[in-house]
>>> print(open('query_36.tsv').read())   # TSV, C-alpha atoms (C1' of nucleotides)
chain	number	residue	atom	x	y	z
A	10	MET	CA	-48.26	57.83	137.40
A	11	THR	CA	-47.23	58.74	140.92
A	12	ARG	CA	-49.90	58.64	143.57
A	13	THR	CA	-51.83	61.90	143.93
A	14	SER	CA	-50.55	64.05	146.76
A	15	LEU	CA	-53.01	66.51	148.27
A	16	ALA	CA	-50.32	68.32	150.28
A	17	ARG	CA	-50.38	71.42	148.10
A	18	TYR	CA	-54.10	71.63	147.45
A	19	PRO	CA	-55.44	75.03	148.52
A	20	CYS	CA	-57.92	73.46	150.92
A	21	PRO	CA	-57.46	72.75	154.62
A	22	LEU	CA	-59.45	69.55	154.41
A	23	ALA	CA	-57.43	68.23	151.49
A	24	ARG	CA	-54.18	68.92	153.30
A	25	ALA	CA	-55.44	67.32	156.49
A	26	ALA	CA	-56.60	64.32	154.47
A	27	ASP	CA	-53.18	64.08	152.90
A	28	LEU	CA	-51.60	63.64	156.33
A	29	VAL	CA	-54.16	61.60	158.24
A	30	GLY	CA	-56.75	60.53	155.68
A	31	ASP	CA	-55.79	56.91	155.81
A	32	LYS	CA	-57.01	53.95	157.82
A	33	TRP	CA	-53.74	53.05	159.51
A	34	ALA	CA	-52.89	56.63	160.37
A	35	LEU	CA	-56.27	57.05	162.06
A	36	LEU	CA	-55.85	53.86	164.06
A	37	ILE	CA	-52.33	54.82	165.09
A	38	LEU	CA	-53.66	58.17	166.29
A	39	ARG	CA	-56.50	56.51	168.16
A	40	ASP	CA	-54.02	54.36	170.05
A	41	ALA	CA	-51.57	57.20	170.55
A	42	LEU	CA	-54.36	59.25	172.12
A	43	ALA	CA	-55.11	56.26	174.35
A	44	GLY	CA	-51.51	56.37	175.55
A	45	VAL	CA	-49.75	53.82	173.35
A	46	ARG	CA	-46.12	54.70	172.63
A	47	ARG	CA	-44.23	51.57	171.67
A	48	PHE	CA	-43.80	50.01	168.26
A	49	SER	CA	-44.76	46.56	169.48
A	50	ASP	CA	-47.89	47.81	171.21
A	51	PHE	CA	-49.08	49.55	168.08
A	52	LYS	CA	-48.33	46.42	166.15
A	53	THR	CA	-50.36	44.02	168.27
A	54	ARG	CA	-53.25	46.46	168.70
A	55	LEU	CA	-53.50	47.34	165.01
A	56	GLY	CA	-52.59	44.03	163.50
A	57	ALA	CA	-50.69	45.76	160.71
A	58	SER	CA	-47.52	44.28	159.32
A	59	THR	CA	-44.25	45.76	160.48
A	60	ASN	CA	-43.25	47.34	157.20
A	61	ILE	CA	-46.59	49.15	156.91
A	62	LEU	CA	-46.45	50.26	160.51
A	63	THR	CA	-42.87	51.48	160.14
A	64	GLU	CA	-43.79	53.49	157.09
A	65	ARG	CA	-46.87	55.08	158.68
A	66	LEU	CA	-45.04	55.98	161.87
A	67	ASN	CA	-42.25	57.57	159.83
A	68	HIS	CA	-44.80	59.59	157.87
A	69	LEU	CA	-46.47	60.83	161.02
A	70	VAL	CA	-43.09	61.74	162.47
A	71	GLU	CA	-42.13	63.64	159.30
A	72	ALA	CA	-45.45	65.45	159.46
A	73	GLY	CA	-44.66	66.55	163.01
A	74	ILE	CA	-47.64	64.71	164.43
A	75	LEU	CA	-45.58	62.19	166.36
A	76	HIS	CA	-42.20	62.64	168.00
A	77	ARG	CA	-39.53	59.99	168.34
A	78	LYS	CA	-38.00	59.94	171.82
A	79	PRO	CA	-35.40	57.54	173.26
A	80	VAL	CA	-37.08	55.32	175.84
A	81	ARG	CA	-34.25	56.25	178.22
A	82	PRO	CA	-31.34	58.62	177.66
A	83	GLY	CA	-28.33	57.02	176.01
A	84	VAL	CA	-30.34	54.24	174.39
A	85	GLN	CA	-31.37	54.22	170.75
A	86	ARG	CA	-34.69	52.46	171.16
A	87	VAL	CA	-37.49	54.95	170.72
A	88	GLU	CA	-41.06	55.67	171.74
A	89	TYR	CA	-43.59	57.63	169.74
A	90	HIS	CA	-45.12	60.62	171.48
A	91	LEU	CA	-47.88	62.89	170.25
A	92	SER	CA	-46.86	66.47	169.55
A	93	GLU	CA	-49.24	69.37	170.13
A	94	LYS	CA	-50.11	69.08	166.44
A	95	GLY	CA	-50.99	65.45	167.01
A	96	MET	CA	-52.94	66.13	170.20
A	97	SER	CA	-55.11	68.64	168.44
A	98	LEU	CA	-56.47	65.92	166.20
A	99	VAL	CA	-58.65	64.79	169.11
A	100	HIS	CA	-61.65	66.70	167.83
A	101	ALA	CA	-61.49	65.01	164.46
A	102	LEU	CA	-60.92	61.57	165.92
A	103	LEU	CA	-63.69	62.02	168.44
A	104	ALA	CA	-66.11	63.22	165.79
A	105	LEU	CA	-65.38	60.14	163.71
A	106	TRP	CA	-65.69	58.01	166.82
A	107	GLN	CA	-69.11	59.40	167.65
A	108	TRP	CA	-70.24	58.98	164.08
A	109	GLY	CA	-69.04	55.38	164.21
A	110	GLU	CA	-70.94	54.73	167.43
A	111	ARG	CA	-74.11	56.17	165.97
A	112	TRP	CA	-73.97	54.59	162.51
A	113	THR	CA	-71.92	51.42	162.63
A	114	PHE	CA	-73.19	49.84	165.86
A	115	GLU	CA	-76.64	49.18	167.19
A	116	GLU	CA	-77.66	51.62	169.91
A	117	GLY	CA	-75.55	50.99	173.00
A	118	LYS	CA	-73.63	48.11	171.43
A	119	SER	CA	-70.31	49.86	170.97
A	120	PRO	CA	-67.73	47.84	172.91
A	121	VAL	CA	-65.69	50.87	173.80
A	122	THR	CA	-66.74	54.44	174.37
A	123	VAL	CA	-65.37	57.84	175.32
A	124	GLN	CA	-66.56	59.49	178.52
A	125	ALA	CA	-65.81	62.28	180.98
A	126	ARG	CA	-62.83	61.25	183.09
A	127	ASP	CA	-64.13	62.74	186.35
A	128	THR	CA	-67.77	61.66	186.47
A	129	GLY	CA	-67.95	59.00	183.76
A	130	GLU	CA	-70.75	60.90	182.01
A	131	LYS	CA	-71.39	60.10	178.37
A	132	LEU	CA	-70.31	62.66	175.84
A	133	GLY	CA	-72.76	64.67	173.80
A	134	PRO	CA	-72.13	65.66	170.20
A	135	LEU	CA	-69.34	68.13	169.50
A	136	GLN	CA	-70.91	71.55	169.52
A	137	LEU	CA	-70.42	73.96	166.63
A	138	GLN	CA	-69.93	77.54	167.73
A	139	THR	CA	-68.66	80.90	166.57
A	140	VAL	CA	-65.42	82.36	167.98
A	141	SER	CA	-67.57	84.35	170.37
A	142	GLY	CA	-69.19	81.16	171.64
A	143	ARG	CA	-72.59	81.40	169.97
A	144	PRO	CA	-73.81	77.83	169.32
A	145	LEU	CA	-74.57	76.88	165.72
A	146	SER	CA	-76.30	73.94	164.10
A	147	ILE	CA	-74.90	72.10	161.10
A	148	THR	CA	-77.13	73.99	158.69
A	149	ASP	CA	-75.92	77.36	159.98
A	150	ILE	CA	-72.50	77.17	158.36
A	151	GLU	CA	-71.12	77.71	154.87
A	152	MET	CA	-67.80	77.42	153.03
A	153	VAL	CA	-66.49	80.66	151.56
A	154	PRO	CA	-63.30	81.77	149.81
A	155	THR	CA	-61.10	84.23	151.73
A	156	GLU	CA	-58.95	87.15	150.58
A	157	ALA	CA	-56.02	84.74	150.67
A	158	ALA	CA	-57.66	82.94	147.75
A	159	PRO	CA	-56.54	84.42	144.40
A	160	ALA	CA	-57.94	82.95	141.21
A	161	ILE	CA	-57.56	79.39	142.35
A	162	THR	CA	-60.89	78.96	144.07
A	163	HIS	CA	-62.89	78.95	140.92
A	164	GLN	CA	-60.38	76.85	139.06
A	165	SER	CA	-60.31	73.14	138.96
A	166	TYR	CA	-58.22	71.41	141.57
A	167	ALA	CA	-57.01	69.17	138.81
A	168	ALA	CA	-54.40	71.76	137.82
A	169	LEU	CA	-52.70	71.19	141.14
A	170	LYS	CA	-51.89	67.66	140.18
A	171	ALA	CA	-49.18	68.96	137.91
A	172	GLN	CA	-47.22	69.64	141.10
A	173	LYS	CA	-46.62	66.27	142.62
A	174	ALA	CA	-45.12	65.81	146.07
B	16	MET	CA	-53.57	38.65	150.67
B	17	THR	CA	-56.74	40.69	150.47
B	18	ARG	CA	-56.66	44.22	151.76
B	19	THR	CA	-57.46	44.57	155.46
B	20	SER	CA	-61.06	45.54	156.11
B	21	LEU	CA	-61.82	47.31	159.36
B	22	ALA	CA	-65.58	46.94	158.97
B	23	ARG	CA	-65.89	44.32	161.71
B	24	TYR	CA	-63.40	45.69	164.18
B	25	PRO	CA	-65.06	46.25	167.56
B	26	CYS	CA	-64.19	49.94	167.56
B	27	PRO	CA	-66.30	52.83	166.31
B	28	LEU	CA	-63.28	54.68	164.99
B	29	ALA	CA	-62.03	51.69	163.06
B	30	ARG	CA	-65.42	51.19	161.44
B	31	ALA	CA	-65.73	54.86	160.60
B	32	ALA	CA	-62.22	54.77	159.14
B	33	ASP	CA	-63.20	51.77	157.06
B	34	LEU	CA	-65.96	53.79	155.41
B	35	VAL	CA	-64.50	57.28	155.12
B	36	GLY	CA	-60.85	56.96	156.11
B	37	ASP	CA	-59.56	57.59	152.65
B	38	LYS	CA	-58.47	60.72	150.83
B	39	TRP	CA	-60.95	60.59	147.98
B	40	ALA	CA	-63.89	59.76	150.21
B	41	LEU	CA	-63.12	62.77	152.38
B	42	LEU	CA	-62.87	65.08	149.39
B	43	ILE	CA	-66.10	63.73	147.93
B	44	LEU	CA	-67.82	64.40	151.23
B	45	ARG	CA	-66.36	67.89	151.42
B	46	ASP	CA	-67.83	68.69	148.04
B	47	ALA	CA	-71.10	66.94	148.77
B	48	LEU	CA	-71.49	69.08	151.88
B	49	ALA	CA	-70.79	72.13	149.73
B	50	GLY	CA	-73.71	71.12	147.52
B	51	VAL	CA	-72.07	69.19	144.68
B	52	ARG	CA	-74.27	66.41	143.27
B	53	ARG	CA	-73.15	65.59	139.75
B	54	PHE	CA	-70.52	63.13	138.66
B	55	SER	CA	-68.84	65.63	136.37
B	56	ASP	CA	-68.68	68.30	139.06
B	57	PHE	CA	-67.02	65.93	141.48
B	58	LYS	CA	-64.62	64.93	138.77
B	59	THR	CA	-63.44	68.41	137.87
B	60	ARG	CA	-63.25	69.57	141.48
B	61	LEU	CA	-61.36	66.52	142.71
B	62	GLY	CA	-59.23	65.82	139.69
B	63	ALA	CA	-59.59	62.08	140.23
B	64	SER	CA	-59.84	59.74	137.29
B	65	THR	CA	-63.28	58.49	136.40
B	66	ASN	CA	-62.72	54.88	137.38
B	67	ILE	CA	-61.55	55.89	140.86
B	68	LEU	CA	-64.41	58.33	141.27
B	69	THR	CA	-66.95	55.76	140.12
B	70	GLU	CA	-65.65	53.23	142.59
B	71	ARG	CA	-65.63	55.66	145.53
B	72	LEU	CA	-69.11	56.95	144.80
B	73	ASN	CA	-70.38	53.37	144.61
B	74	HIS	CA	-68.76	52.59	147.95
B	75	LEU	CA	-70.33	55.59	149.59
B	76	VAL	CA	-73.70	54.68	148.12
B	77	GLU	CA	-73.39	51.08	149.39
B	78	ALA	CA	-72.46	52.43	152.80
B	79	GLY	CA	-75.66	54.50	152.82
B	80	ILE	CA	-73.76	57.77	153.00
B	81	LEU	CA	-74.81	58.95	149.56
B	82	HIS	CA	-78.05	58.33	147.70
B	83	ARG	CA	-78.41	57.94	143.98
B	84	LYS	CA	-81.39	59.90	142.64
B	85	PRO	CA	-82.53	60.34	139.03
B	86	VAL	CA	-81.95	63.92	137.99
B	87	ARG	CA	-85.54	64.02	136.81
B	88	PRO	CA	-88.21	61.30	136.97
B	89	GLY	CA	-88.12	58.88	134.08
B	90	VAL	CA	-84.48	59.51	133.26
B	91	GLN	CA	-81.66	57.20	134.26
B	92	ARG	CA	-79.00	59.83	134.78
B	93	VAL	CA	-78.38	60.25	138.49
B	94	GLU	CA	-77.27	62.73	141.10
B	95	TYR	CA	-75.59	61.91	144.39
B	96	HIS	CA	-77.33	63.23	147.49
B	97	LEU	CA	-76.15	63.06	151.08
B	98	SER	CA	-78.25	60.90	153.38
B	99	GLU	CA	-78.72	61.76	157.05
B	100	LYS	CA	-75.84	59.39	157.74
B	101	GLY	CA	-73.72	61.39	155.32
B	102	MET	CA	-74.83	64.75	156.68
B	103	SER	CA	-73.82	63.76	160.17
B	104	LEU	CA	-70.23	63.52	159.08
B	105	VAL	CA	-70.08	67.33	159.19
B	106	HIS	CA	-68.52	67.35	162.63
B	107	ALA	CA	-65.69	65.08	161.56
B	108	LEU	CA	-65.09	66.97	158.33
B	109	LEU	CA	-65.19	70.31	160.09
B	110	ALA	CA	-62.79	69.13	162.78
B	111	LEU	CA	-60.33	68.01	160.11
B	112	TRP	CA	-60.89	71.28	158.30
B	113	GLN	CA	-60.09	73.34	161.35
B	114	TRP	CA	-57.05	71.24	162.09
B	115	GLY	CA	-55.91	71.78	158.50
B	116	GLU	CA	-56.38	75.54	158.78
B	117	ARG	CA	-54.38	75.65	161.98
B	118	TRP	CA	-51.54	73.31	161.02
B	119	THR	CA	-51.15	73.24	157.25
B	120	PHE	CA	-51.49	76.95	156.43
B	121	GLU	CA	-49.90	80.05	157.83
B	122	GLU	CA	-52.22	82.03	160.09
B	123	GLY	CA	-55.00	83.52	158.01
B	124	LYS	CA	-53.66	82.12	154.74
B	125	SER	CA	-56.30	79.46	154.18
B	126	PRO	CA	-57.92	80.23	150.81
B	127	VAL	CA	-61.28	78.93	151.88
B	128	THR	CA	-62.91	78.88	155.27
B	129	VAL	CA	-66.11	77.90	157.04
B	130	GLN	CA	-68.21	80.55	158.72
B	131	ALA	CA	-71.61	81.28	160.23
B	132	ARG	CA	-74.11	81.66	157.40
B	133	ASP	CA	-76.09	84.48	158.99
B	134	THR	CA	-73.43	86.85	160.32
B	135	GLY	CA	-70.28	85.58	158.61
B	136	GLU	CA	-68.56	85.16	161.98
B	137	LYS	CA	-65.57	82.86	162.13
B	138	LEU	CA	-66.06	79.51	163.79
B	139	GLY	CA	-64.44	78.62	167.06
B	140	PRO	CA	-63.16	75.13	167.86
B	141	LEU	CA	-65.73	72.36	168.19
B	142	GLN	CA	-66.62	72.19	171.86
B	143	LEU	CA	-66.46	68.90	173.77
B	144	GLN	CA	-69.31	68.44	176.19
B	145	THR	CA	-71.18	65.84	178.20
B	146	VAL	CA	-74.72	64.82	177.27
B	147	SER	CA	-75.95	67.26	179.86
B	148	GLY	CA	-74.05	70.09	178.19
B	149	ARG	CA	-71.13	70.49	180.59
B	150	PRO	CA	-68.12	71.69	178.58
B	151	LEU	CA	-65.00	69.51	178.67
B	152	SER	CA	-61.42	70.03	177.56
B	153	ILE	CA	-59.48	67.47	175.60
B	154	THR	CA	-57.72	66.17	178.69
B	155	ASP	CA	-61.01	65.55	180.48
B	156	ILE	CA	-61.98	62.49	178.46
B	157	GLU	CA	-60.99	58.83	178.42
B	158	MET	CA	-61.69	55.69	176.40
B	159	VAL	CA	-63.31	52.86	178.32
B	160	PRO	CA	-64.76	49.44	177.47
B	161	THR	CA	-68.54	49.06	177.88
B	162	GLU	CA	-70.68	46.12	179.02
B	163	ALA	CA	-71.19	45.36	175.35
B	164	ALA	CA	-67.50	44.43	175.23
B	165	PRO	CA	-66.97	40.75	176.09
B	166	ALA	CA	-63.46	39.35	176.13
B	167	ILE	CA	-62.48	41.07	172.93
B	168	THR	CA	-61.27	44.33	174.40
B	169	HIS	CA	-58.16	42.86	175.91
B	170	GLN	CA	-57.44	40.71	172.91
B	171	SER	CA	-55.45	41.75	169.95
B	172	TYR	CA	-57.33	43.24	167.07
B	173	ALA	CA	-55.23	41.06	164.85
B	174	ALA	CA	-57.59	38.14	165.45
B	175	LEU	CA	-60.27	40.05	163.60
B	176	LYS	CA	-58.28	39.90	160.43
B	177	ALA	CA	-59.23	36.26	160.08
B	178	GLN	CA	-62.68	37.55	159.09
B	179	LYS	CA	-62.15	39.44	155.90
B	180	ALA	CA	-64.84	41.53	154.31
C	17	DA	C1'	-23.84	34.48	178.94
C	18	DA	C1'	-27.77	32.62	176.68
C	19	DA	C1'	-32.50	33.19	175.47
C	20	DT	C1'	-36.12	36.24	174.51
C	21	DT	C1'	-38.18	40.37	173.19
C	22	DT	C1'	-38.16	44.67	170.54
C	23	DA	C1'	-37.78	47.37	166.57
C	24	DG	C1'	-37.13	47.16	162.68
C	25	DT	C1'	-35.27	45.77	157.14
C	26	DT	C1'	-35.49	43.14	152.81
C	27	DG	C1'	-37.65	40.49	149.23
C	28	DC	C1'	-41.58	38.79	147.15
C	29	DT	C1'	-46.71	38.62	145.60
C	30	DT	C1'	-51.22	40.52	144.94
C	31	DA	C1'	-54.43	44.35	144.93
C	32	DA	C1'	-55.53	48.89	144.17
C	33	DA	C1'	-54.38	53.71	142.02
C	34	DG	C1'	-53.97	56.14	137.90
C	35	DA	C1'	-53.97	57.23	132.79
C	36	DA	C1'	-56.02	56.74	128.45
C	37	DA	C1'	-59.16	55.21	125.27
C	38	DC	C1'	-63.71	53.89	124.44
C	39	DT	C1'	-69.21	53.73	124.81
C	40	DA	C1'	-74.06	54.80	125.52
C	41	DA	C1'	-77.29	57.75	127.12
C	42	DT	C1'	-78.75	62.68	127.49
C	43	DT	C1'	-78.76	67.61	126.34
C	44	DG	C1'	-78.19	71.76	123.48
C	45	DG	C1'	-78.19	74.26	119.20
C	46	DT	C1'	-80.07	75.27	114.62
D	3	DA	C1'	-85.94	66.72	113.85
D	4	DC	C1'	-81.09	66.16	113.40
D	5	DC	C1'	-76.21	66.65	114.51
D	6	DA	C1'	-72.69	67.89	117.91
D	7	DA	C1'	-71.33	68.11	122.50
D	8	DT	C1'	-71.64	66.83	127.16
D	9	DT	C1'	-72.35	63.44	130.85
D	10	DA	C1'	-71.72	59.28	133.23
D	11	DG	C1'	-69.64	55.94	133.08
D	12	DT	C1'	-66.70	50.96	131.46
D	13	DT	C1'	-62.55	48.57	129.91
D	14	DT	C1'	-57.71	47.89	129.38
D	15	DC	C1'	-53.24	48.55	130.78
D	16	DT	C1'	-49.19	50.15	133.82
D	17	DT	C1'	-47.21	51.52	138.17
D	18	DT	C1'	-47.43	52.00	143.05
D	19	DA	C1'	-48.47	50.43	147.46
D	20	DA	C1'	-50.46	46.75	150.83
D	21	DG	C1'	-49.55	42.55	152.93
D	22	DC	C1'	-46.95	38.40	154.22
D	23	DA	C1'	-42.84	35.97	155.55
D	24	DA	C1'	-38.25	35.54	156.67
D	25	DC	C1'	-34.39	37.73	158.49
D	26	DT	C1'	-31.28	40.98	161.67
D	27	DA	C1'	-29.35	43.78	165.32
D	28	DA	C1'	-29.94	46.02	169.39
D	29	DA	C1'	-31.91	45.81	174.19
D	30	DT	C1'	-33.83	43.21	178.02
D	31	DT	C1'	-34.62	39.30	180.99
D	32	DT	C1'	-33.11	35.13	183.35
>>> encode(input="query_36.tsv", output="structure tokens")
Amino acid sequence: MTRTSLARYPCPLARAADLVGDKWALLILRDALAGVRRFSDFKTRLGASTNILTERLNHLVEAGILHRKPVRPGVQRVEYHLSEKGMSLVHALLALWQWGERWTFEEGKSPVTVQARDTGEKLGPLQLQTVSGRPLSITDIEMVPTEAAPAITHQSYAALKAQKA
Amino acid sequence: MTRTSLARYPCPLARAADLVGDKWALLILRDALAGVRRFSDFKTRLGASTNILTERLNHLVEAGILHRKPVRPGVQRVEYHLSEKGMSLVHALLALWQWGERWTFEEGKSPVTVQARDTGEKLGPLQLQTVSGRPLSITDIEMVPTEAAPAITHQSYAALKAQKA
DNA sequence: AAATTTAGTTGCTTAAAGAAACTAATTGGT
DNA sequence: ACCAATTAGTTTCTTTAAGCAACTAAATTT
């Protein structure tokens, strides 16, 4: 009865969810993107207990999303830095952020917001587009299997559960 | 020792994470966006046990993300439909999806992808922009407190944990 | 050099995840 | 119309993980 791991599911969303689909992980990433690096700072900002925080940070490090770096050379105390892989979660975090502003606060009542660094302008919604830059609306897209998908697509994902992490 | 609820945290991301920051919720939403409506279809596609699925669907219904609708008038069997609130999670889901394609599969090996419905073109990355439409890169943005934020911003979020859901 | 802060580890308790077995409506076949 | 199968759950039980508290060893401050 081990906990279901989505790491091997043949779906990008499932695999992403396996790594960051968790409340604490999302909050850690929020703070990391805001520049937080130290264990104690994460702790006070999140309010999570140390064992939980330790475990989540280790997971994110194993996943290559965070990097452990000595605070100064020669010393074993570490800071947690975002890797490129971690940085590129901004879009997802920001999308969730904007959704949260729209649906979990009254209009204009969000206590903290994201804005353009240079002019302070508010952000608009993330724009869907094709690789060539043609803008799309949310009804213009569809999920389709690729050539890389053998029989699995039309099978049940349940079969995957045989292979636990 | 109740589980920490993020529902009252003064942060849009925390509140969003409270509602959808969970593996099963994300997978349910993925399938809902792909057009799945029936309990049994969710079950076979997710491979979750029925009690878990029941609980998650109920949560999403309570949160106003899904709607329960009788399959036909006069009958008590229901289908789960996305509300507008649910639909507007597309950006977040798609951002996670794209991150998953980039970082959890080899190039071009994702078995299922999202594309433009009309031409089948691949999607490009979600584009950050200001309300006026000026494109921004991920380093051009910053998190800032608003006027709606009283003293709380510089306090620890830990204090919030006193108020459990 | 002593006191404090930082970054954890260990042990314990409660809550949630997961499996399996069961039930009541609804639907399909003959 | 009747019986079998499917659908949408509920209930019970076991295992895993969340959360708290107390402790420890480096590093930093005074």
>>> residues_around(input="query_36.tsv", residues="B:Leu143", least_positions_apart="2", cutoff="7 Å", atoms="all atoms listed in the file", output="mmCIF file with C-alpha atoms, in the coordinates of the input")
data_model
loop_
_atom_site.group_PDB
_atom_site.id
_atom_site.type_symbol
_atom_site.label_atom_id
_atom_site.label_comp_id
_atom_site.auth_asym_id
_atom_site.auth_seq_id
_atom_site.Cartn_x
_atom_site.Cartn_y
_atom_site.Cartn_z
ATOM 1 C CA LEU A 135 -69.340 68.130 169.500
ATOM 2 C CA GLN A 136 -70.910 71.550 169.520
ATOM 3 C CA LEU B 141 -65.730 72.360 168.190
ATOM 4 C CA PRO B 150 -68.120 71.690 178.580
ATOM 5 C CA LEU B 151 -65.000 69.510 178.670
ATOM 6 C CA SER B 152 -61.420 70.030 177.560
#
>>> residues_around(input="query_36.tsv", residues="C:DT20", least_positions_apart="3", cutoff="10 Å", atoms="only C-alpha atoms (C1' of nucleotides)", output="PyMOL selection string")
chain D and resi 30-32
>>> atom_distance(input="query_36.tsv", atom1="atom CA of B:Trp112", atom2="atom CA of A:Arg24")
8.7 Å
>>> closest_atom_pairs(input="query_36.tsv", of="chain B", to="chain D", cutoff="8 Å", atoms="only C-alpha atoms (C1' of nucleotides)", output="JSON lines")
{"residue": "B:Met16", "atom": "CA", "partner": "D:DG21", "partner_atom": "C1'", "distance": 6.0}
{"residue": "B:Thr17", "atom": "CA", "partner": "D:DG21", "partner_atom": "C1'", "distance": 7.8}
{"residue": "B:Arg18", "atom": "CA", "partner": "D:DA20", "partner_atom": "C1'", "distance": 6.8}
{"residue": "B:Phe54", "atom": "CA", "partner": "D:DA10", "partner_atom": "C1'", "distance": 6.8}
{"residue": "B:Ser55", "atom": "CA", "partner": "D:DT9", "partner_atom": "C1'", "distance": 6.9}
{"residue": "B:Thr65", "atom": "CA", "partner": "D:DG11", "partner_atom": "C1'", "distance": 7.6}
{"residue": "B:Thr69", "atom": "CA", "partner": "D:DG11", "partner_atom": "C1'", "distance": 7.5}
{"residue": "B:Arg92", "atom": "CA", "partner": "D:DA10", "partner_atom": "C1'", "distance": 7.5}
>>> closest_atom_pairs(input="query_36.tsv", of="chain B", to="chain C", cutoff="12 Å", atoms="all atoms listed in the file", output="JSON lines")
{"residue": "B:Met16", "atom": "CA", "partner": "C:DT30", "partner_atom": "C1'", "distance": 6.5}
{"residue": "B:Thr17", "atom": "CA", "partner": "C:DA31", "partner_atom": "C1'", "distance": 7.0}
{"residue": "B:Arg18", "atom": "CA", "partner": "C:DA31", "partner_atom": "C1'", "distance": 7.2}
{"residue": "B:Thr19", "atom": "CA", "partner": "C:DA31", "partner_atom": "C1'", "distance": 11.0}
{"residue": "B:Lys38", "atom": "CA", "partner": "C:DA33", "partner_atom": "C1'", "distance": 12.0}
{"residue": "B:Trp39", "atom": "CA", "partner": "C:DA33", "partner_atom": "C1'", "distance": 11.2}
{"residue": "B:Gly62", "atom": "CA", "partner": "C:DG34", "partner_atom": "C1'", "distance": 11.2}
{"residue": "B:Ala63", "atom": "CA", "partner": "C:DG34", "partner_atom": "C1'", "distance": 8.5}
{"residue": "B:Ser64", "atom": "CA", "partner": "C:DG34", "partner_atom": "C1'", "distance": 6.9}
{"residue": "B:Thr65", "atom": "CA", "partner": "C:DG34", "partner_atom": "C1'", "distance": 9.7}
{"residue": "B:Asn66", "atom": "CA", "partner": "C:DG34", "partner_atom": "C1'", "distance": 8.9}
{"residue": "B:Ile67", "atom": "CA", "partner": "C:DA33", "partner_atom": "C1'", "distance": 7.6}
{"residue": "B:Leu68", "atom": "CA", "partner": "C:DA33", "partner_atom": "C1'", "distance": 11.1}
{"residue": "B:Glu70", "atom": "CA", "partner": "C:DA32", "partner_atom": "C1'", "distance": 11.1}
{"residue": "B:Arg71", "atom": "CA", "partner": "C:DA33", "partner_atom": "C1'", "distance": 11.9}
{"residue": "B:Val86", "atom": "CA", "partner": "C:DT42", "partner_atom": "C1'", "distance": 11.0}
{"residue": "B:Arg87", "atom": "CA", "partner": "C:DT42", "partner_atom": "C1'", "distance": 11.6}
{"residue": "B:Val90", "atom": "CA", "partner": "C:DT42", "partner_atom": "C1'", "distance": 8.7}
{"residue": "B:Gln91", "atom": "CA", "partner": "C:DA41", "partner_atom": "C1'", "distance": 8.4}
{"residue": "B:Arg92", "atom": "CA", "partner": "C:DT42", "partner_atom": "C1'", "distance": 7.8}
{"residue": "B:Val93", "atom": "CA", "partner": "C:DT42", "partner_atom": "C1'", "distance": 11.3}
>>> interface_residues(input="query_36.tsv", of="chain A", to="chain B", cutoff="6 Å", atoms="only C-alpha atoms", output="ChimeraX atom specification")
/A:21-22,25-26,30-32,53-56,100-101,104-106,109-110,118,120-126,131-133,135-140,149-155,157-158,165-167
>>> atom_distance(input="query_36.tsv", atom1="atom CA of A:Glu93", atom2="atom CA of A:Val70")
12.4 Å
>>> atom_distance(input="query_36.tsv", atom1="atom CA of A:Phe51", atom2="atom CA of A:Ser92")
17.1 Å
>>> decode(input="query_36.tsv", residues="stretch 21-43 of chain C", atoms="C-alpha atoms (C1' of nucleotides)", output="tab-separated table (two decimals), in the first residue's frame")
chain	number	residue	atom	x	y	z
C	21	DT	C1'	21.20	31.26	16.16
C	22	DT	C1'	21.00	27.93	12.37
C	23	DA	C1'	20.10	23.66	10.32
C	24	DG	C1'	18.78	20.02	11.11
C	25	DT	C1'	17.46	14.70	13.55
C	26	DT	C1'	14.62	11.59	16.39
C	27	DG	C1'	10.48	9.96	18.56
C	28	DC	C1'	5.76	10.17	19.13
C	29	DT	C1'	0.63	10.99	17.83
C	30	DT	C1'	-3.08	11.86	14.67
C	31	DA	C1'	-4.92	12.31	10.04
C	32	DA	C1'	-5.14	11.05	5.49
C	33	DA	C1'	-4.03	7.57	1.52
C	34	DG	C1'	-5.03	3.22	-0.25
C	35	DA	C1'	-7.16	-1.52	-0.78
C	36	DA	C1'	-11.05	-4.36	-0.53
C	37	DA	C1'	-15.57	-5.50	0.23
C	38	DC	C1'	-20.15	-4.02	0.13
C	39	DT	C1'	-24.70	-1.35	-1.50
C	40	DA	C1'	-28.25	1.06	-4.11
C	41	DA	C1'	-29.55	3.13	-8.07
C	42	DT	C1'	-29.46	2.93	-13.21
C	43	DT	C1'	-28.85	0.79	-17.75
